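First the structure, in the form of structure tokens, and then the observations on it.
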Number of protein chains: 4
Amino acid sequence: MQLIQSNAITKERFLGVRALTESICSSLVPEDTVVQPTEFVSPPKWHLAHTTWFFEQFVLTKKPYYSWYKEDYSYFFNSYYNNVGDRVIRAERGVMTRPVLQDILDYRRHVNSEMAAILEMDLTPDLYDIIEIGLQHEQQHQELLFYDIKYILGHQPSFPILDFKVKLKPVTEQRFVPISEGLYIIGYSGEGFCFDNELGPHKIFLNDFAIANQLVSNKEYLEFMKAGGYEDFNLWHAEGWDFIQSNAIKAPLYWHKTTDGWKHYTLNGFKEIHPDEPVVHVSFYEAFAYAQWKDLRLPTEFEWEVASSQFDYGQLWEWTYSAYLPYPNYTKAEGALGEYNGKFMVNQMVLKGSSVVTSPNHSRPTYRNFFHPNMRWQYAGIRLAKSI
Amino acid sequence: MQLIQSNAITKERFLGVRALTESICSSLVPEDTVVQPTEFVSPPKWHLAHTTWFFEQFVLTKKPYYSWYKEDYSYFFNSYYNNVGDRVIRAERGVMTRPVLQDILDYRRHVNSEMAAILEMDLTPDLYDIIEIGLQHEQQHQELLFYDIKYILGHQPSFPILDFKVKLKPVTEQRFVPISEGLYIIGYSGEGFCFDNELGPHKIFLNDFAIANQLVSNKEYLEFMKAGGYEDFNLWHAEGWDFIQSNAIKAPLYWHKTTDGWKHYTLNGFKEIHPDEPVVHVSFYEAFAYAQWKDLRLPTEFEWEVASSQFDYGQLWEWTYSAYLPYPNYTKAEGALGEYNGKFMVNQMVLKGSSVVTSPNHSRPTYRNFFHPNMRWQYAGIRLAKSI
Amino acid sequence: MQLIQSNAITKERFLGVRALTESICSSLVPEDTVVQPTEFVSPPKWHLAHTTWFFEQFVLTKKPYYSWYKEDYSYFFNSYYNNVGDRVIRAERGVMTRPVLQDILDYRRHVNSEMAAILEMDLTPDLYDIIEIGLQHEQQHQELLFYDIKYILGHQPSFPILDFKVKLKPVTEQRFVPISEGLYIIGYSGEGFCFDNELGPHKIFLNDFAIANQLVSNKEYLEFMKAGGYEDFNLWHAEGWDFIQSNAIKAPLYWHKTTDGWKHYTLNGFKEIHPDEPVVHVSFYEAFAYAQWKDLRLPTEFEWEVASSQFDYGQLWEWTYSAYLPYPNYTKAEGALGEYNGKFMVNQMVLKGSSVVTSPNHSRPTYRNFFHPNMRWQYAGIRLAKSI
Amino acid sequence: MQLIQSNAITKERFLGVRALTESICSSLVPEDTVVQPTEFVSPPKWHLAHTTWFFEQFVLTKKPYYSWYKEDYSYFFNSYYNNVGDRVIRAERGVMTRPVLQDILDYRRHVNSEMAAILEMDLTPDLYDIIEIGLQHEQQHQELLFYDIKYILGHQPSFPILDFKVKLKPVTEQRFVPISEGLYIIGYSGEGFCFDNELGPHKIFLNDFAIANQLVSNKEYLEFMKAGGYEDFNLWHAEGWDFIQSNAIKAPLYWHKTTDGWKHYTLNGFKEIHPDEPVVHVSFYEAFAYAQWKDLRLPTEFEWEVASSQFDYGQLWEWTYSAYLPYPNYTKAEGALGEYNGKFMVNQMVLKGSSVVTSPNHSRPTYRNFFHPNMRWQYAGIRLAKSI
């Protein structure tokens, strides 16, 4: 991770990020915050606790005067940092009803107050980086909270109506923006924060290509469905075909066929599908099959990054046909933070852009998000490209 | 199920049973009431709702003036009654955070009040049986609540300390009570309530045998463990051996080896193991292996029932070496209530007696409880027998 | 197991039993003899070797002059005798292409010749029992060979036509034979061989009942199918219903719906279903559901044994509604042979009678066969009973 | 796939390739040819039949005069070509004992003779491509046969000794060959045959790097093992760590720890490990972890291709840190042959080079082999690289 300028971390910014996390959870009741309906979803309470543990583990306990708020919490709320001790395994997060939500909110308050004190009086230079990472880390969990809350509420029989301010903008007329072949620089080279996986600006040669200025809409995706896209194996990767067969997938996640046509669960309840909104909650396999059906393709992450100034993004993460691999000069950080990115660089695909549920100031063209090709609960959509 | 005398169902009795259910849950917080750590455990909130649904489904909605409290609840809280419509499948009970605990408590209050009115003014004879069954059903769930609450709290890393009044009596000196061979009558023939599976008194011939007047104690069971009982395949059923191997089982459920010896989680927290208390939370496989090691055996359900007047019971359910099969003249009731017992009469073993967490007035010598031989979360212990 | 009279074991009888095993395999090619299409099926080559290993392990190597034919074979061909060392686990028998079929036939010849020498000149009294058990054991594997050969050939796409002399007799008109209530003696008390699980004659009290003199026919079973028997959950055990749902079972094993109606694979190829032949290859769950549909029931093993002189049997093993449990005075033999029966006495159901593929002289009314309630590849059918 | 010059397909070349397939199987007995010990291994008999089916399906049946040798074979021996009809699913290939080995050899002879006639007299231009692909396809199966035969023989308890002429050359002193940054051309541009996945020469920019002139040796890999490489999670991808934990992997495939040190199974039997031979049968995860431990890295497929003229290769396929993705202008062929490569372009890693068991004339620097990162039964080794 890259060091940022010291004046970027203020008590106000810190507490602002922290408060946003709680605000995302504000419409949840205690019952909603503890369940784990599937392994890749974490209970909201766990996110609230884990992001707090991060500061306690990596900042507060570095201060000689500080002692753990509750010693067990370090075991309860470690996620995957093998370097800092044992942890509750991921699949069992949904068993942990205690400490209860209120205990975690108290824990957050305690850590916030200790951190505020440090930020005001005791902020030594070696802590800048780690606090910045902690804030970026918390912002990533803010986005995961949206995914997980939607999954939890969207998978119970009563389809609760909530009042999240999450709204996708309709797509407008689509055209393809041409980009000329040539050498381009990829990777982050500015001064602010970035993750280690985007560091190391380096040259890439691209052929001529064109990229859509709009995402694929629900209307367009419904045409693919009506044309039998989910039934034609020629459009699919072999593993994609197996995936939709064995999970009986016929539509994006959260879509339900009713006597009144397709509808979907949203963070505002069960709704009509708006034809002009971009299609969301598709896997890489579905994005690829859709592109095959259109005789087009997905862009690579390099094409996307180079072209990104030519279109608007930020509605949905956009699947690329690039595997998540290290940049040429990638080096893993030492110790626990080296576990942040590098150990996931296999079997996943890169997504670019950001989404309506990405935290403010947590987006840049070089950002490399990544998910397994079968994942659908994240806010991911489709932008098409073609060679020209 | 057998009809009981009408005066046995009063408003007071009804509300007393209902109140006890809530009282068992009184030390739980909302977070505790929604999780399902494993398929055979149900969330406490689900028990609270399902026992209420029973009265709404089988009593209230039979009244022409009544309409469902919330129509969806009939789908949400049906357990396994295929005859009364769709239901949330068992494995997904732990996803249902909504309706929340308070909604369910309101639901209980509503149904209680409707039922109280019926019990005071509108109790037609055809409802007696079904209300009685509803109360017996609720008492069974009361006992399951103890099992499930213990499982939920005992499987989270913080081992919460609660204040349940559950206490096992120490065993005293053991002797074997001889019973002579002969024809005996098995099954229920009194006037009060009993389940359909204990009906049909019938003759059984028993050989001479003797049965222990005490349960096996923790001290005795520890001797078995120290003698290598869990490592000697000759003591085990083939499937029992596979079970303990593939689950790495070395002790009863809730036992943990600490630097300070074996301890166990109880409804009052993590505790020393009291040597004289009866051993609890063993599977049938373990009960059998222990008996093999002692060169003794488990009693059959018939031996147990015949001898039951010769010893005290009621501490723990006692594994028998009898499979759960129908009595000679067993007939399944018509409709949904016919699903109560008969469809489980395969692959399970009979347990006799009752336990410290069995509801008051819910025990009789003819009672036939049943579990799969690998189940350990119920309050089950070991009584030995021998042929003589 | 019970000692039999010494003159019953002759070289001729020994070699006769041994030759029959090879004869059952005579229409197989080497390719057929090595595969294991599912865990409960063993490769025919394995049966040929394992039955031979039994005599080498338990008889020949007891002679000081004898040394193992090939030392590795004792590891390769042990089935489940934990007491005699390591073994190839069941699920991996189908990997063992070497030693090849011819090696195993040579092994059989070698062991036969050594055994013949013992039977002629060196047969000490302590060997009688074990040789008798070895022969009975081999006869059990002869029947398993029929099951496994049918499974192997019936599960490949070409449905090979073979020429086995296996033919079921048509059922004739059915009537119910009444039996009066009373005390009866159950278990083996003759002088010849029997297994330990049938020993210990003991009294059983039976109520009045009646039992069918015929098995259920294909025609009758087809009526059950046409009436929607496989779609009505009220007829099934809960676990039976799960079993047929999750395996999409709609008919007995080996039945296939063709444009020309139901047909089935037999040891003589793919054939029309003969309406009057007894239905075969049903699970206990199906037998139970059929009986429920007829408002009748399956007999207990005790009823069957008591009534067995009143009807013909021997076409198919007949499911009873008795769990496989020990008789009152059952004691497990010491050492490896104690693993023969006792450790399977849980989770299985008793079948009585014998079948067209049972070896000659391997049937008696007290014989207790046993299978899990979901098993269908054995030659099992349905005889009905009722309480009167 | 790219058309090749017509004179490259002669009857002699055709029959030569076909004969080699049989020759690879010549030391197998019928029993060896039918088993499928794990899903990714196919029975040798299946390879013999499937490669033959390819010519019948795609060449012979295009001739109006030809009719199927046996119609069922088209169903039995289709592998994954959804476009040409139903097929026996991969996991069930090991059930198919019939047609027997001799039937398949007859089938091969028949198809060979029909094909020879076409090659001599009736070779229309449209058949060139497809016959060439058929031969390349058969050569790929020749290499798979080595993998699968080794897996089958190496996973049975007797470790058979065979006499394959497969011998790895010792590695010699290692040095790193530097390559300068710049634009390079990647992909096939010659005149002979190549697969569609290597077509479309295109520019790639590479940074300065250096690549080892030798593979990693057994001696070097043993040092990694001794240093605790398999126990240090910091060296592994998260999914690699899970893979070795859940499969208890502590060494390359076929290695066994004996009282006399590590040994391994080879195509010549169970042997000492030669310290100077290149390490083989490691997964991508292990190759990566080894490189991490050395503070080096694996080359990308582009680095490997550019540098390939600077070192010898052909001993083992070499893992690269490149995911198997389409080249910029990749287009899938129409129809069944379009299923050859494109549908596998997700979740797999590229391997470059070729191996001692690769067929003659089946290697070129642009060849792109691919396997999932956990696969170990192929002849894969490790070449290191570094950024400079």
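Lettering and numbering for the structure tokens are positional, with chains as A, B, ... in the shown order, residues counted from 1 in each chain, and ligands counted from 1 in the shown order.
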
query: For chain C, which residues have at least one atom within 12 Å of chain D, if we go by only C-alpha atoms? Write them as an MDAnalysis selection string, please.
result: chainID C and resid 28:38 41 43:45 70:77 86:89 91:103 149 151:161

message: Nearest residue to Glu198 of chain B out of B:Gln57, B:Ile186, B:Pro299, B:Ala116, using only C-alpha atoms?
response: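 Checking each of B:Gln57, B:Ile186, B:Pro299, B:Ala116 against Glu198 of chain B, counting only C-alpha atoms, the winner is B:Ile186.
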
- prompt: Got a sec to tell me which of segment 45-159 of chain C DSSP assigns to helix (DSSP H, G or I), as an MDAnalysis selection string?
  reply: chainID C and resid 45:58 60:62 73:76 82:84 90:95 101:121 125:154

message: Considering only strand (DSSP E) as DSSP defines it on the backbone, what residues of segment 113-215 of chain A qualify? List them as a PyMOL selection string.
response: chain A and resi 176-179+182-186+202-206+209-212

task: Could you jot down the atom CA of Arg108 of chain D to atom CA of Leu60 of chain D separation for me, Å, one decimal place?
output: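 Rounded to one decimal, the two atoms are 12.9 Å apart.
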
message: At a cut-off of 10 Å, using only C-alpha atoms, what residues contact segment 164-173 of chain D? Leave out same-chain residues fewer than 5 positions from it and give the result as a PyMOL selection string.
response: chain D and resi 24+26-27+146+213-218+266-269+274-280+314-316+355-357

Selected residues written out with N, CA and C atoms, as a short mmCIF file (atom, residue, chain, number, x, y, z; two decimals), in the first residue's frame:
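After the write, selection-v7.cif holds the following:
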```cif
data_model
loop_
_atom_site.label_atom_id
_atom_site.label_comp_id
_atom_site.auth_asym_id
_atom_site.auth_seq_id
_atom_site.Cartn_x
_atom_site.Cartn_y
_atom_site.Cartn_z
N ILE D 24 1.50 -47.05 -26.75
CA ILE D 24 1.58 -46.54 -25.36
C ILE D 24 0.83 -47.46 -24.41
N SER D 26 0.55 -50.67 -24.74
CA SER D 26 0.89 -52.07 -25.00
C SER D 26 1.23 -52.85 -23.75
N SER D 27 1.67 -52.17 -22.71
CA SER D 27 2.00 -52.96 -21.51
C SER D 27 0.81 -53.07 -20.55
N PHE D 146 -0.35 -41.23 -20.92
CA PHE D 146 0.76 -41.39 -19.96
C PHE D 146 0.34 -40.94 -18.56
N ASN D 213 17.72 -20.79 -16.72
CA ASN D 213 17.96 -21.67 -17.87
C ASN D 213 17.70 -23.13 -17.52
N GLN D 214 17.37 -23.41 -16.27
CA GLN D 214 17.15 -24.79 -15.82
C GLN D 214 15.85 -24.88 -15.02
N LEU D 215 15.28 -26.07 -14.96
CA LEU D 215 14.13 -26.31 -14.08
C LEU D 215 14.60 -26.50 -12.65
N VAL D 216 13.69 -26.36 -11.73
CA VAL D 216 14.00 -26.64 -10.31
C VAL D 216 14.18 -28.15 -10.14
N SER D 217 15.20 -28.53 -9.40
CA SER D 217 15.51 -29.96 -9.24
C SER D 217 14.85 -30.53 -7.99
N ASN D 218 14.81 -31.84 -7.93
CA ASN D 218 14.31 -32.52 -6.72
C ASN D 218 15.09 -32.10 -5.48
N THR D 266 7.20 -44.19 -10.32
CA THR D 266 7.48 -43.74 -11.69
C THR D 266 6.93 -44.78 -12.66
N LEU D 267 7.01 -44.48 -13.92
CA LEU D 267 6.51 -45.43 -14.92
C LEU D 267 7.41 -46.66 -15.03
N ASN D 268 8.47 -46.66 -14.25
CA ASN D 268 9.31 -47.86 -14.16
C ASN D 268 9.23 -48.51 -12.79
N GLY D 269 8.28 -48.07 -11.96
CA GLY D 269 8.13 -48.66 -10.63
C GLY D 269 8.49 -47.68 -9.52
N HIS D 274 15.84 -39.11 -7.63
CA HIS D 274 17.15 -38.66 -8.11
C HIS D 274 17.27 -37.16 -7.83
N PRO D 275 18.27 -36.74 -7.05
CA PRO D 275 18.33 -35.33 -6.63
C PRO D 275 18.44 -34.35 -7.79
N ASP D 276 19.07 -34.74 -8.88
CA ASP D 276 19.31 -33.77 -9.95
C ASP D 276 18.22 -33.75 -11.02
N GLU D 277 17.29 -34.67 -10.95
CA GLU D 277 16.21 -34.59 -11.93
C GLU D 277 15.28 -33.44 -11.57
N PRO D 278 14.62 -32.88 -12.56
CA PRO D 278 13.68 -31.80 -12.25
C PRO D 278 12.50 -32.32 -11.45
N VAL D 279 12.02 -31.53 -10.52
CA VAL D 279 10.86 -31.94 -9.73
C VAL D 279 9.63 -31.92 -10.64
N VAL D 280 8.79 -32.92 -10.49
CA VAL D 280 7.64 -33.08 -11.37
C VAL D 280 6.41 -33.42 -10.53
N GLY D 314 11.28 -28.94 -22.80
CA GLY D 314 10.78 -30.19 -23.37
C GLY D 314 10.85 -31.35 -22.37
N GLN D 315 11.38 -31.08 -21.20
CA GLN D 315 11.36 -32.09 -20.15
C GLN D 315 9.98 -32.16 -19.49
N LEU D 316 9.52 -31.00 -19.08
CA LEU D 316 8.25 -30.92 -18.33
C LEU D 316 7.50 -29.68 -18.77
N SER D 355 6.70 -31.96 -22.64
CA SER D 355 7.30 -32.86 -21.65
C SER D 355 7.86 -34.10 -22.31
N VAL D 356 8.53 -34.90 -21.53
CA VAL D 356 9.08 -36.17 -22.04
C VAL D 356 7.99 -37.11 -22.55
N VAL D 357 6.76 -36.88 -22.16
CA VAL D 357 5.70 -37.76 -22.66
C VAL D 357 4.82 -37.04 -23.70
#
```
